[in-house]
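Student: There's a structure below that I have some questions on.
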Amino acid sequence: TTCHGAEGIGNIAIEAPRLAGMEDWYLKRQLENFRAGIRGTHAQDIQGIAMQPMAAKLSDESIEDIVAWVGSWDYVPAEITIEGDVNQGRSAYQSCATCHGANAEGNETLGAPALAGQNDWYIITQLRNFRAGYRGAHQEDSYGSQMLTMSKTLRDDQAVINVTSYINTLQK
């Protein structure tokens with residue numbers, strides 16, 4: 001709660017994402033990836049580096065407990081903090097929709113989390129991290145590797161902002 005907030009809505013000051021409303025399977029996978037050093041070890045992944053030692057000490061049982069606890073929090077829509085060209089973002093999002101769904105609702109079968117409802121500033125940070133190779137480069141991160149590749153279809157930072165602005169129009 002210190003980082004993600006007492007109600008799990010995220011903390012922009014330290015770029016800790018919303019957890020309330022996050023899929024249990026995705027949260028579990030990310031905690032396991034942090035614990036195993038698959039995520040949060042790149043020197044430029046500032047937020048991941050902060051999270052990795054928090055997860056490193058977790059047991060399987062404590063991960064299950066955290067996931068259950070987070071699942072009990074009420075979902076509240078994220079505040080919109082960025083503006084971009086929604087029409088260009090809609091066009092760019094079409095390749096994202098293949099995995100994340102037409103309404104950014106996520107797809108467990110494909111391992112793609114919901115994007116609708118997540119903090120927009122967090123989505124931007126993570127897309128930038130994928131594009132730069134700070135996230136998704138670990139050889140055991142098959143889902144991250146897919147995102148690293150797909151994120152490169154966003155040609156520049158404005159495209160990242162535009163696609164995130166479009167995601168903001170979708171409802172969880």
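Labeling convention for the structure tokens: chains A, B, ... as they appear, residues from 1 per chain, ligands from 1 in order of appearance.
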So which bits of segment 51-172 of chain A end up helix (DSSP H, G or I) when you DSSP the backbone, as a PyMOL selection string?
Tutor: chain A and resi 51-56+60-71+86-100+108-110+120-132+142-151+157-168
Student: Counting only C-alpha atoms, what is within 8 Å of Ala68 of chain A, bar same-chain residues fewer than 4 positions away, as a list in words?
Tutor: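 Contacts, in chain order: Asp24, Glu64 and Ser72 of chain A.
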Student: Restrict the selected residues to all heavy atoms and save them as a PDB file, in the first residue's frame.
Tutor:
```pdb
ATOM      1  N   ASP A  24      -6.023 -11.382 -11.795  1.00  0.00           N
ATOM      2  CA  ASP A  24      -5.222 -12.152 -10.844  1.00  0.00           C
ATOM      3  C   ASP A  24      -4.110 -12.937 -11.530  1.00  0.00           C
ATOM      4  O   ASP A  24      -2.987 -12.996 -11.033  1.00  0.00           O
ATOM      5  CB  ASP A  24      -6.112 -13.056  -9.984  1.00  0.00           C
ATOM      6  CG  ASP A  24      -6.970 -14.024 -10.782  1.00  0.00           C
ATOM      7  OD1 ASP A  24      -7.000 -13.969 -12.028  1.00  0.00           O
ATOM      8  OD2 ASP A  24      -7.638 -14.858 -10.132  1.00  0.00           O
ATOM      9  N   GLU A  64       0.087 -15.764  -3.613  1.00  0.00           N
ATOM     10  CA  GLU A  64      -1.338 -16.109  -3.664  1.00  0.00           C
ATOM     11  C   GLU A  64      -2.142 -15.203  -2.735  1.00  0.00           C
ATOM     12  O   GLU A  64      -3.226 -14.736  -3.098  1.00  0.00           O
ATOM     13  CB  GLU A  64      -1.558 -17.583  -3.307  1.00  0.00           C
ATOM     14  CG  GLU A  64      -0.997 -18.558  -4.320  1.00  0.00           C
ATOM     15  CD  GLU A  64      -1.683 -18.524  -5.676  1.00  0.00           C
ATOM     16  OE1 GLU A  64      -2.874 -18.154  -5.756  1.00  0.00           O
ATOM     17  OE2 GLU A  64      -1.025 -18.859  -6.667  1.00  0.00           O
ATOM     18  N   SER A  72      -9.714  -8.237  -3.832  1.00  0.00           N
ATOM     19  CA  SER A  72     -10.838  -7.777  -3.009  1.00  0.00           C
ATOM     20  C   SER A  72     -11.048  -6.263  -3.087  1.00  0.00           C
ATOM     21  O   SER A  72     -12.055  -5.757  -2.613  1.00  0.00           O
ATOM     22  CB  SER A  72     -10.619  -8.183  -1.545  1.00  0.00           C
ATOM     23  OG  SER A  72      -9.600  -7.396  -0.936  1.00  0.00           O
TER      24      SER A  72
END
```
Student: Write out, as CSV, each residue of segment 120-159 of chain A that has an atom at most 10 Å from segment 93-99 of chain A, together with the closest pair of atoms and their distance in Å to one decimal, counting only C-alpha atoms, rows going by chain and rising number.
Tutor:
```
residue,atom,partner,partner_atom,distance
A:Met147,CA,A:Cys96,CA,9.3
A:Met150,CA,A:Cys96,CA,7.8
A:Ser151,CA,A:Cys96,CA,8.9
A:Thr153,CA,A:Ser95,CA,8.5
A:Leu154,CA,A:Tyr93,CA,9.3
A:Ala159,CA,A:Tyr93,CA,9.8
```
Student: Could you take the residues named above and write them with N, CA and C atoms, as a PDB file, in the first residue's frame?
Tutor:
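Now in out24.pdb:
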```
ATOM      1  N   MET A 147       5.826  -8.298 -26.570  1.00  0.00           N
ATOM      2  CA  MET A 147       5.513  -6.876 -26.409  1.00  0.00           C
ATOM      3  C   MET A 147       6.671  -5.998 -26.861  1.00  0.00           C
ATOM      4  N   MET A 150       6.262  -5.910 -30.573  1.00  0.00           N
ATOM      5  CA  MET A 150       5.070  -5.173 -30.997  1.00  0.00           C
ATOM      6  C   MET A 150       5.166  -3.683 -30.679  1.00  0.00           C
ATOM      7  N   SER A 151       5.817  -3.326 -29.577  1.00  0.00           N
ATOM      8  CA  SER A 151       5.918  -1.915 -29.189  1.00  0.00           C
ATOM      9  C   SER A 151       6.688  -1.107 -30.233  1.00  0.00           C
ATOM     10  N   THR A 153       6.206  -1.141 -33.263  1.00  0.00           N
ATOM     11  CA  THR A 153       5.315  -0.666 -34.328  1.00  0.00           C
ATOM     12  C   THR A 153       4.859   0.765 -34.044  1.00  0.00           C
ATOM     13  N   LEU A 154       5.026   1.215 -32.803  1.00  0.00           N
ATOM     14  CA  LEU A 154       4.744   2.612 -32.449  1.00  0.00           C
ATOM     15  C   LEU A 154       6.015   3.387 -32.763  1.00  0.00           C
ATOM     16  N   ALA A 159       3.373   8.571 -30.992  1.00  0.00           N
ATOM     17  CA  ALA A 159       2.521   7.413 -31.272  1.00  0.00           C
ATOM     18  C   ALA A 159       2.162   6.682 -29.984  1.00  0.00           C
TER      19      ALA A 159
END
```
Student: If we count only C-alpha atoms and set the cut-off at 9 Å, which residues sit around Asn87 of chain A, ignoring sequence neighbours fewer than 4 positions away in its own chain? Please answer as a list in words.
Tutor: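 Listing them by chain and then by number gives Ser91, Ala92, Asn162, Val163 and Tyr166 of chain A.
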Student: Which residues of segment 54-87 of chain A come within 8 Å of segment 7-18 of chain A, and for each one, what is the closest pair of atoms and their distance in Å to one decimal, counting only C-alpha atoms, sorted by chain and residue number, as a Markdown table?
Tutor:
```
| residue | atom | partner | partner_atom | distance |
| --- | --- | --- | --- | --- |
| A:Val70 | CA | A:Gly8 | CA | 7.4 |
| A:Trp73 | CA | A:Glu7 | CA | 6.3 |
| A:Asp74 | CA | A:Glu7 | CA | 7.5 |
| A:Val76 | CA | A:Ile9 | CA | 7.4 |
| A:Ala78 | CA | A:Ile9 | CA | 7.3 |
```
Student: So how far away is atom CA of Gln146 of chain A from atom CA of Ile82 of chain A, in Å?
Tutor: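 Interatomic distance, atom CA of Ile82 of chain A to atom CA of Gln146 of chain A: 25.6 Å.
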Student: If you count only C-alpha atoms, which residues fall within 9 Å of Met54 of chain A, apart from same-chain ones fewer than 4 positions away, as a list in words?
Tutor: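 Listing them by chain and then by number gives Phe34, Arg35, Ala50 and Leu58 of chain A.
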Student: Quote the spacing between atom CA of Gly21 of chain A and atom CA of Ala116 of chain A in Å to one decimal place.
Tutor: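 Taking atom CA of Gly21 of chain A as the start and atom CA of Ala116 of chain A as the end point, the length is 10.1 Å.
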Student: Give me, as a ChimeraX atom specification, all polymer residues having an atom no more than 12 Å from segment 136-139 of chain A, counting only C-alpha atoms and skipping those fewer than 5 positions away in the same chain.
Tutor: /A:30,33-34,36-42,45,48,126-131,144-151
Student: For Met22 of chain A, which residue among A:Ala114, A:Ile49, A:Val160, A:Ala56 is the nearest when counting only C-alpha atoms?
Tutor: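 So, comparing all the options, the nearest one is A:Ala114.
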Student: For Leu31 of chain A, which residue out of A:Ile46, A:Ile123, A:Leu19, A:Ala6 is the nearest one, using only C-alpha atoms?
Tutor: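 Ranked by minimum distance to Leu31 of chain A, first place goes to A:Leu19.
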